[in-house]
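S.K.: For reference, the structure I am asking about is given below.
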Amino acid sequence: METGSNMTGSVVLVTGGVRGVGAGISRTFLRAGATVVACARRPGEAPVEVGGRVVEFLPCDIRDPGQVQGLVDRIVERHGRLDVLVNNAGGAPFALAAEASPKFHSKIVELNLLAPLLVSQVANAVMQKQDSGGAIVNISSVSGSRPSPGTAAYGAA
């Protein structure tokens with residue numbers, strides 16, 4: 001996917017940006033010239049890169065308010081700004097709704113609904129202080145609009 005945009009000088013945070021769709025999003029912003037920071041609980045199998053430019057990885061459990069604040073603080077400390085947040089991290093293992101525990105459902109909702117809200121709040125606090133503002137992009141799933149057996153909490157979130 002090409003953006004056709006020149007984002008040189010922009011700083012982008014992609015949650016879950018080291019695997020799958022998130023890695024693709026990270027590469028797209030790299031191609032557009034942005035500085036890309038990706039977070040996840042653990043690094044990907046290989047660095048995400050395009051044309052010799054590499055995504056900066058910072059570990060973070062986006063469900064943890066202290067870790068999220070630390071993540072955004074590090075980005076601003078290193079790069080002086082945060083222009084774009086892409087809330088991409090999420091997912092859920094297969095579990096039938098009738099058999100999954102309330103704790104399981106709670107953890108899935110926390111990761112897929114509450115964590116993006118948390119990251120957005122912290123990023124927005126930085127963006128509101130910048131003359132150029134910023135942009136927050138939320139990635140969603142078709143599971144929110146069509147039945148997907150084994151992913152009830154994920155679809156609800």
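For the structure tokens, the naming scheme is as follows: chains receive sequential letters (A, B, ...) according to their order of presentation, residues are indexed from 1 within each chain, and ligands are indexed from 1 in presentation order.
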Could you find all residues in segment 10-75 of chain A that DSSP calls strand (DSSP E) from the backbone, and write them as a PyMOL selection string?
M.R.: chain A and resi 11-15+35-40+49-50+53-54+56-59
S.K.: Please report, as a tab-separated table, each residue of segment 43-99 of chain A lying at most 6 Å from segment 13-24 of chain A, together with the nearest pair of atoms and the separation in Å rounded to one decimal; use only C-alpha atoms, and order rows by chain and ascending residue number.
M.R.:
```
residue	atom	partner	partner_atom	distance
A:Gly44	CA	A:Val18	CA	5.1
A:Leu85	CA	A:Leu13	CA	4.8
A:Val86	CA	A:Val14	CA	4.7
A:Asn87	CA	A:Thr15	CA	5.4
A:Asn88	CA	A:Thr15	CA	5.2
A:Ala89	CA	A:Gly16	CA	4.1
```
S.K.: To one decimal place, how far is atom CA of Gly33 of chain A from atom CA of Val76 of chain A in Å?
M.R.: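 Value for the atom CA of Gly33 of chain A-atom CA of Val76 of chain A distance: 18.1 Å.
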S.K.: Of the residues A:Val119, A:Ala157, A:Val137, A:Leu58, which is the one nearest to His105 of chain A, using only C-alpha atoms?
M.R.: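 Ranked by minimum distance to His105 of chain A, first place goes to A:Ala157.
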S.K.: Enter the distance from atom CA of Asn124 of chain A to atom CA of Val12 of chain A, in Å, rounded to one decimal.
M.R.: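 These atoms are spaced 12.9 Å apart.
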S.K.: So that I can check the surroundings of Val54 of chain A, please list as a CSV table (one decimal) with N, CA, C and O atoms, in the first residue's frame every protein, DNA and RNA residue that reaches within 12 Å of it, counting only C-alpha atoms and ignoring chain neighbours fewer than 2 positions away.
M.R.:
```csv
chain,number,residue,atom,x,y,z
A,17,GLY,N,3.0,-3.0,15.8
A,17,GLY,CA,3.6,-2.7,14.5
A,17,GLY,C,4.8,-3.5,14.0
A,17,GLY,O,5.5,-3.1,13.1
A,18,VAL,N,5.0,-4.7,14.6
A,18,VAL,CA,6.1,-5.5,14.2
A,18,VAL,C,5.8,-6.8,13.6
A,18,VAL,O,6.6,-7.6,13.2
A,23,ALA,N,3.0,-4.6,10.8
A,23,ALA,CA,4.3,-4.5,10.1
A,23,ALA,C,4.1,-3.8,8.8
A,23,ALA,O,4.9,-3.0,8.3
A,26,SER,N,3.6,-0.2,9.3
A,26,SER,CA,4.8,0.4,9.6
A,26,SER,C,5.7,0.7,8.4
A,26,SER,O,6.2,1.7,8.2
A,27,ARG,N,5.7,-0.3,7.5
A,27,ARG,CA,6.4,-0.2,6.2
A,27,ARG,C,5.9,0.9,5.4
A,27,ARG,O,6.6,1.7,4.7
A,28,THR,N,4.6,1.1,5.3
A,28,THR,CA,4.0,2.1,4.5
A,28,THR,C,4.4,3.5,5.0
A,28,THR,O,4.7,4.4,4.2
A,29,PHE,N,4.4,3.7,6.3
A,29,PHE,CA,4.8,5.0,6.8
A,29,PHE,C,6.3,5.2,6.6
A,29,PHE,O,6.8,6.3,6.3
A,30,LEU,N,7.1,4.1,6.7
A,30,LEU,CA,8.6,4.3,6.4
A,30,LEU,C,8.8,4.7,4.9
A,30,LEU,O,9.6,5.6,4.7
A,31,ARG,N,8.0,4.1,4.0
A,31,ARG,CA,8.1,4.5,2.6
A,31,ARG,C,7.8,5.9,2.4
A,31,ARG,O,8.3,6.6,1.5
A,33,GLY,N,8.5,8.2,4.4
A,33,GLY,CA,9.5,9.1,4.9
A,33,GLY,C,9.4,9.4,6.4
A,33,GLY,O,10.2,10.1,7.0
A,34,ALA,N,8.4,8.8,7.1
A,34,ALA,CA,8.2,9.1,8.5
A,34,ALA,C,9.2,8.3,9.3
A,34,ALA,O,9.7,7.3,8.9
A,35,THR,N,9.5,8.8,10.5
A,35,THR,CA,10.1,8.1,11.6
A,35,THR,C,9.1,7.2,12.2
A,35,THR,O,8.0,7.8,12.6
A,36,VAL,N,9.3,5.9,12.3
A,36,VAL,CA,8.2,5.0,12.8
A,36,VAL,C,8.7,4.3,14.0
A,36,VAL,O,9.8,3.7,14.0
A,37,VAL,N,7.9,4.4,15.1
A,37,VAL,CA,8.2,3.7,16.3
A,37,VAL,C,7.0,2.6,16.4
A,37,VAL,O,5.9,3.0,16.3
A,38,ALA,N,7.4,1.4,16.6
A,38,ALA,CA,6.4,0.3,16.8
A,38,ALA,C,6.6,-0.2,18.2
A,38,ALA,O,7.7,-0.4,18.7
A,46,ALA,N,12.0,-10.4,13.0
A,46,ALA,CA,13.1,-9.7,12.3
A,46,ALA,C,12.7,-8.2,12.3
A,46,ALA,O,11.5,-7.9,12.4
A,47,PRO,N,13.7,-7.3,12.2
A,47,PRO,CA,13.3,-5.9,12.2
A,47,PRO,C,12.5,-5.6,11.0
A,47,PRO,O,12.6,-6.2,9.9
A,48,VAL,N,11.6,-4.6,11.2
A,48,VAL,CA,10.7,-4.1,10.1
A,48,VAL,C,11.5,-3.0,9.4
A,48,VAL,O,11.9,-2.0,10.0
A,49,GLU,N,11.7,-3.2,8.1
A,49,GLU,CA,12.5,-2.2,7.4
A,49,GLU,C,12.1,-2.0,5.9
A,49,GLU,O,11.5,-2.9,5.4
A,50,VAL,N,12.5,-0.9,5.4
A,50,VAL,CA,12.2,-0.6,4.0
A,50,VAL,C,13.4,0.2,3.5
A,50,VAL,O,13.7,1.3,4.0
A,51,GLY,N,14.1,-0.3,2.4
A,51,GLY,CA,15.1,0.5,1.8
A,51,GLY,C,16.2,1.0,2.8
A,51,GLY,O,16.7,2.1,2.7
A,52,GLY,N,16.5,0.1,3.7
A,52,GLY,CA,17.6,0.5,4.7
A,52,GLY,C,17.1,1.3,5.9
A,52,GLY,O,17.8,1.5,6.8
A,56,GLU,N,11.8,1.7,14.7
A,56,GLU,CA,12.4,1.6,16.0
A,56,GLU,C,11.4,0.9,16.9
A,56,GLU,O,10.2,1.2,16.9
A,57,PHE,N,11.8,-0.1,17.6
A,57,PHE,CA,11.0,-1.0,18.4
A,57,PHE,C,11.1,-0.5,19.9
A,57,PHE,O,12.2,-0.4,20.4
```
S.K.: Go through A:Ala156, A:Leu82, A:Pro65, A:Leu114 and flag the residue nearest Val142 of chain A, using only C-alpha atoms for the distances.
M.R.: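 Closest to Val142 of chain A, using only C-alpha atoms: A:Ala156.
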S.K.: Can you list, as an mmCIF file with N, CA and C atoms, in the first residue's frame, every protein, DNA or RNA residue that comes within 7 Å of segment 143-153 of chain A when you count only C-alpha atoms, leaving out same-chain residues fewer than 6 positions away?
M.R.:
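Result written to result-v8.cif:
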```
data_model
loop_
_atom_site.group_PDB
_atom_site.id
_atom_site.type_symbol
_atom_site.label_atom_id
_atom_site.label_comp_id
_atom_site.auth_asym_id
_atom_site.auth_seq_id
_atom_site.Cartn_x
_atom_site.Cartn_y
_atom_site.Cartn_z
ATOM 1 N N ALA A 92 -7.305 -12.035 19.480
ATOM 2 C CA ALA A 92 -7.829 -12.940 20.496
ATOM 3 C C ALA A 92 -7.663 -14.376 20.036
ATOM 4 N N PHE A 94 -8.919 -18.280 19.792
ATOM 5 C CA PHE A 94 -10.233 -18.909 19.640
ATOM 6 C C PHE A 94 -10.721 -19.390 21.001
ATOM 7 N N ALA A 95 -11.941 -19.029 21.341
ATOM 8 C CA ALA A 95 -12.568 -19.522 22.564
ATOM 9 C C ALA A 95 -14.077 -19.381 22.410
ATOM 10 N N LEU A 96 -14.791 -20.463 22.579
ATOM 11 C CA LEU A 96 -16.253 -20.402 22.494
ATOM 12 C C LEU A 96 -16.803 -19.566 23.641
ATOM 13 N N ALA A 97 -17.721 -18.673 23.332
ATOM 14 C CA ALA A 97 -18.272 -17.753 24.322
ATOM 15 C C ALA A 97 -18.871 -18.485 25.516
ATOM 16 N N HIS A 105 -12.823 -13.075 28.856
ATOM 17 C CA HIS A 105 -13.545 -12.037 28.124
ATOM 18 C C HIS A 105 -13.045 -10.647 28.519
ATOM 19 N N ILE A 108 -9.718 -9.800 26.849
ATOM 20 C CA ILE A 108 -9.871 -9.529 25.413
ATOM 21 C C ILE A 108 -10.449 -8.130 25.197
ATOM 22 N N VAL A 109 -11.452 -7.761 25.983
ATOM 23 C CA VAL A 109 -12.024 -6.415 25.876
ATOM 24 C C VAL A 109 -10.989 -5.367 26.286
#
```
S.K.: What's the separation between atom CA of Pro102 of chain A and atom CA of Val122 of chain A, in Å to one decimal place?
M.R.: 28.0 Å
S.K.: Which of chain A counts as helix (DSSP H, G or I) under DSSP, as number ranges by chain please?
M.R.: A: 20-31, 65-79, 102-127, 142-144, 152-156
S.K.: Go ahead and save the picked residues with C-alpha atoms, as a CSV table (one decimal), in the first residue's frame.
M.R.:
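Generated file (result_30.csv):
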```
chain,number,residue,atom,x,y,z
A,20,GLY,CA,1.3,-9.0,10.3
A,21,VAL,CA,-0.9,-6.0,9.4
A,22,GLY,CA,1.0,-3.8,11.8
A,23,ALA,CA,4.3,-4.5,10.1
A,24,GLY,CA,2.7,-3.6,6.8
A,25,ILE,CA,1.4,-0.3,8.2
A,26,SER,CA,4.8,0.4,9.6
A,27,ARG,CA,6.4,-0.2,6.2
A,28,THR,CA,4.0,2.1,4.5
A,29,PHE,CA,4.8,5.0,6.8
A,30,LEU,CA,8.6,4.3,6.4
A,31,ARG,CA,8.1,4.5,2.6
A,65,PRO,CA,-1.1,2.8,31.9
A,66,GLY,CA,2.4,3.3,33.3
A,67,GLN,CA,4.0,1.5,30.3
A,68,VAL,CA,1.9,3.6,27.9
A,69,GLN,CA,2.9,6.9,29.5
A,70,GLY,CA,6.5,5.8,29.5
A,71,LEU,CA,6.3,4.8,25.8
A,72,VAL,CA,4.9,8.1,24.7
A,73,ASP,CA,7.4,10.0,27.0
A,74,ARG,CA,10.3,8.2,25.4
A,75,ILE,CA,9.1,8.9,21.9
A,76,VAL,CA,8.7,12.6,22.6
A,77,GLU,CA,12.1,12.7,24.5
A,78,ARG,CA,13.8,11.0,21.5
A,79,HIS,CA,12.0,12.7,18.6
A,102,PRO,CA,-15.3,-14.0,32.5
A,103,LYS,CA,-11.6,-13.2,33.1
A,104,PHE,CA,-10.8,-14.3,29.6
A,105,HIS,CA,-13.5,-12.0,28.1
A,106,SER,CA,-12.4,-9.2,30.3
A,107,LYS,CA,-8.7,-9.5,29.1
A,108,ILE,CA,-9.9,-9.5,25.4
A,109,VAL,CA,-12.0,-6.4,25.9
A,110,GLU,CA,-9.2,-4.7,27.8
A,111,LEU,CA,-6.7,-5.3,24.9
A,112,ASN,CA,-9.0,-4.6,22.0
A,113,LEU,CA,-11.2,-1.7,23.4
A,114,LEU,CA,-9.8,-0.2,26.5
A,115,ALA,CA,-6.1,-0.2,25.6
A,116,PRO,CA,-6.5,1.8,22.3
A,117,LEU,CA,-8.5,4.4,24.3
A,118,LEU,CA,-5.7,4.6,26.8
A,119,VAL,CA,-3.0,5.0,24.2
A,120,SER,CA,-5.2,7.6,22.4
A,121,GLN,CA,-5.6,9.6,25.6
A,122,VAL,CA,-1.8,9.7,26.2
A,123,ALA,CA,-1.0,10.5,22.6
A,124,ASN,CA,-3.7,13.1,22.4
A,125,ALA,CA,-2.2,15.0,25.4
A,126,VAL,CA,1.0,15.4,23.4
A,127,MET,CA,-0.7,16.2,20.1
A,142,VAL,CA,-14.7,-7.3,10.3
A,143,SER,CA,-15.4,-9.3,13.5
A,144,GLY,CA,-17.3,-6.3,14.8
A,152,ALA,CA,-17.3,-13.2,20.8
A,153,ALA,CA,-15.4,-10.8,23.1
A,154,TYR,CA,-13.1,-9.7,20.3
A,155,GLY,CA,-16.1,-8.9,18.0
A,156,ALA,CA,-17.8,-7.0,20.8
```
